[in-house]
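Next up, my_file_4.txt (compact mmCIF, C-alpha atoms):
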```txt
# COMPACT_ATOMS: atom_id res chain seq x y z
CA MET T 6 -12.95 -17.88 11.36
CA ARG T 7 -11.28 -14.44 11.70
CA CYS T 8 -12.74 -11.18 10.43
CA PHE T 9 -10.53 -8.55 8.75
CA LEU T 10 -11.58 -4.90 8.74
CA ASN T 11 -11.40 -3.08 5.44
CA PRO T 12 -12.57 0.56 5.23
CA ARG T 13 -15.45 -0.54 2.98
CA LEU T 14 -16.36 -4.08 4.08
CA PHE T 15 -15.69 -6.98 6.44
CA LEU T 16 -14.07 -10.14 5.06
CA TYR T 17 -13.69 -13.59 6.59
CA ASP T 18 -10.74 -15.96 6.04
CA ASP T 19 -12.64 -17.90 3.38
CA ASN T 20 -13.17 -14.71 1.26
CA THR T 21 -16.84 -14.37 2.06
CA LEU T 22 -18.83 -11.59 3.67
CA PRO T 23 -20.47 -12.06 7.07
CA ASN T 24 -23.65 -13.23 5.33
CA GLY T 25 -21.70 -15.92 3.40
CA GLU T 26 -21.87 -14.12 0.03
CA PRO T 27 -18.62 -14.46 -2.01
CA VAL T 28 -16.52 -11.27 -2.08
CA GLY T 29 -16.41 -11.04 -5.89
CA ILE T 30 -20.19 -10.67 -6.09
CA PHE T 31 -20.18 -7.95 -3.42
CA LEU T 32 -17.43 -5.95 -5.12
CA ARG T 33 -19.40 -5.85 -8.37
CA ARG T 34 -22.36 -4.30 -6.52
CA GLU T 35 -20.30 -1.89 -4.40
CA ARG T 36 -18.58 0.99 -6.20
CA LEU T 37 -15.18 1.44 -4.57
CA VAL T 38 -13.71 4.93 -4.94
CA SER T 39 -9.97 5.43 -4.99
CA LYS T 40 -8.96 9.05 -4.48
CA ILE T 41 -5.35 9.96 -5.00
CA SER T 42 -3.31 13.12 -4.45
CA LEU T 43 -2.59 14.95 -7.70
CA SER T 44 -0.45 17.84 -8.92
CA VAL T 45 -1.85 19.88 -11.79
CA THR T 46 0.50 22.05 -13.85
CA VAL T 47 -0.97 25.00 -15.76
CA ASP T 48 0.56 25.79 -19.17
CA GLU T 49 2.54 29.02 -19.65
CA GLU T 50 -0.20 30.76 -21.64
CA HIS T 51 -2.69 30.35 -18.77
CA ILE T 52 -0.53 30.94 -15.65
CA GLY T 53 -2.36 34.22 -15.02
CA SER T 54 -5.63 32.23 -14.86
CA THR T 55 -4.45 29.56 -12.40
CA ARG T 56 -7.15 30.39 -9.82
CA GLN T 57 -9.91 30.30 -12.44
CA ILE T 58 -8.60 26.95 -13.73
CA ALA T 59 -8.64 25.63 -10.15
CA THR T 60 -12.28 26.69 -9.85
CA GLY T 61 -13.10 24.92 -13.11
CA LEU T 62 -11.33 21.76 -11.96
CA GLU T 63 -13.35 21.85 -8.71
CA LYS T 64 -16.53 21.85 -10.79
CA GLN T 65 -15.21 18.67 -12.46
CA GLY T 66 -14.84 16.99 -9.06
CA PHE T 67 -11.22 17.83 -8.20
CA VAL T 68 -10.75 18.71 -4.51
CA VAL T 69 -8.34 21.67 -4.43
CA GLU T 70 -6.09 21.75 -1.37
CA ARG T 71 -3.47 24.33 -2.38
CA ILE T 72 -2.83 26.75 -5.23
CA VAL T 73 0.57 28.26 -6.11
CA ALA T 74 -0.66 30.77 -8.68
CA THR T 75 2.74 32.30 -9.51
CA ALA T 76 4.10 28.87 -10.44
CA GLY T 77 0.91 27.63 -12.14
CA ALA T 78 0.57 24.70 -9.76
CA ILE T 79 -2.62 23.27 -8.24
CA PHE T 80 -2.54 20.49 -5.65
CA GLY T 81 -5.46 18.37 -4.54
CA SER T 82 -7.14 15.00 -4.92
CA ALA T 83 -9.57 13.24 -7.22
CA GLU T 84 -10.71 9.79 -8.23
CA LEU T 85 -8.18 7.88 -10.28
CA SER T 86 -10.69 7.61 -13.13
CA MET T 87 -10.83 11.43 -13.49
CA ILE T 88 -7.21 12.01 -14.50
CA ASP T 89 -7.89 12.05 -18.27
CA ARG T 90 -10.83 14.45 -17.87
CA LEU T 91 -8.75 16.82 -15.71
CA ALA T 92 -5.81 16.66 -18.14
CA SER T 93 -8.05 17.69 -21.04
CA PHE T 94 -9.26 20.83 -19.22
CA GLU T 95 -8.26 24.03 -21.06
CA GLY T 96 -5.04 25.49 -19.68
CA VAL T 97 -3.86 22.28 -18.01
CA GLN T 98 -0.44 21.14 -19.17
CA GLU T 99 -0.03 18.06 -16.98
CA VAL T 100 -1.77 16.04 -14.26
CA ARG T 101 0.35 13.64 -12.24
CA PRO T 102 0.30 11.90 -8.87
CA SER T 103 1.73 14.00 -6.04
CA ARG T 104 4.70 12.78 -4.12
CA ASN T 105 5.17 13.80 -0.52
CA TYR T 106 8.59 14.04 1.04
CA GLN T 107 9.54 14.46 4.66
CA LEU T 108 12.92 15.21 6.17
CA PRO T 109 14.05 13.12 9.11
CA PRO T 110 13.73 14.71 12.55
CA MET T 111 16.51 17.12 13.53
CA SER T 112 19.38 15.26 15.11
CA PRO T 113 23.08 16.02 15.55
CA ASN T 114 23.74 12.51 14.16
CA ILE T 115 21.85 13.11 10.89
CA PRO T 116 23.12 15.79 8.48
CA GLN T 117 20.40 18.15 7.22
```
Write the structure described by the file as structure tokens, please.
Amino acid sequence: MRCFLNPRLFLYDDNTLPNGEPVGIFLRRERLVSKISLSVTVDEEHIGSTRQIATGLEKQGFVVERIVATAGAIFGSAELSMIDRLASFEGVQEVRPSRNYQLPPMSPNIPQ
């Protein structure tokens, strides 16, 4: 029987835990948290208060990583279940998953 490593638990091939307990029972007891990267857009009326809005979102559990105050953008992460609460915060226009992009390494064979 092989053991697979998951960040939160160990599973065996037959979908049981090391103690033989079925996985479904364990997952109901264990609260799994799924944090995702989010982009928060501040509405035009509140762009001057972007830093204060970021502070308020932090109090709601949002982890602020970067603020672009002049554009009214706040980047960070939070639990998936918090998106509706963050979106209803005063001054927030939109909350959406962040998308990261990366250019290929510099190479004379790849146009930049």
Using all atoms listed in the file, pick whichever of T:Asn114, T:Ser86, T:Thr55, T:Ser42 has the shortest atom-to-atom distance to Ala74 (chain T).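 Among the listed residues, the smallest separation from Ala74 (chain T) belongs to T:Thr55.
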Which of these residues is nearest to Ser44 (chain T), using all atoms listed in the file: T:Ala59, T:Leu85, T:Ile115, T:Val100?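 Looking only at the distances to Ser44 (chain T), the closest residue turns out to be T:Val100.
Put simply, CA of Thr60 (chain T) is 12.3 Å away from CA of Gly96 (chain T).
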Spatial neighbours of Val68 (chain T), 7 Å, only C-alpha atoms, chain gap at least 6 places, as a compact mmCIF listing (two decimals) with C-alpha atoms, in the frame of the given file:
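Final output, saved to around37.txt:
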```txt
# COMPACT_ATOMS: atom_id res chain seq x y z
CA GLY T 81 -5.46 18.37 -4.54
CA SER T 82 -7.14 15.00 -4.92
CA ALA T 83 -9.57 13.24 -7.22
```
Please identify all polymer residues within 12 Å of Ser54 (chain T), counting only C-alpha atoms, omitting same-chain residues fewer than 5 positions from it, and present them as a list in words.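 Neighbouring residues, sequence-local ones excluded: Thr46, Val47, Asp48, Glu49, Ala59, Thr60, Gly61, Ile72, Val73, Ala74, Thr75, Ala76, Gly77, Ala78, Ile79, Glu95, Gly96 and Val97 of chain T.
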Between CA of Ser103 (chain T) and CA of Lys40 (chain T), what is the distance, to one decimal in Å?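 According to the coordinates, CA of Ser103 (chain T) and CA of Lys40 (chain T) are separated by 11.9 Å.
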Gap from CA of Val45 (chain T) to CA of Phe80 (chain T) - Å, one decimal: 6.2 Å
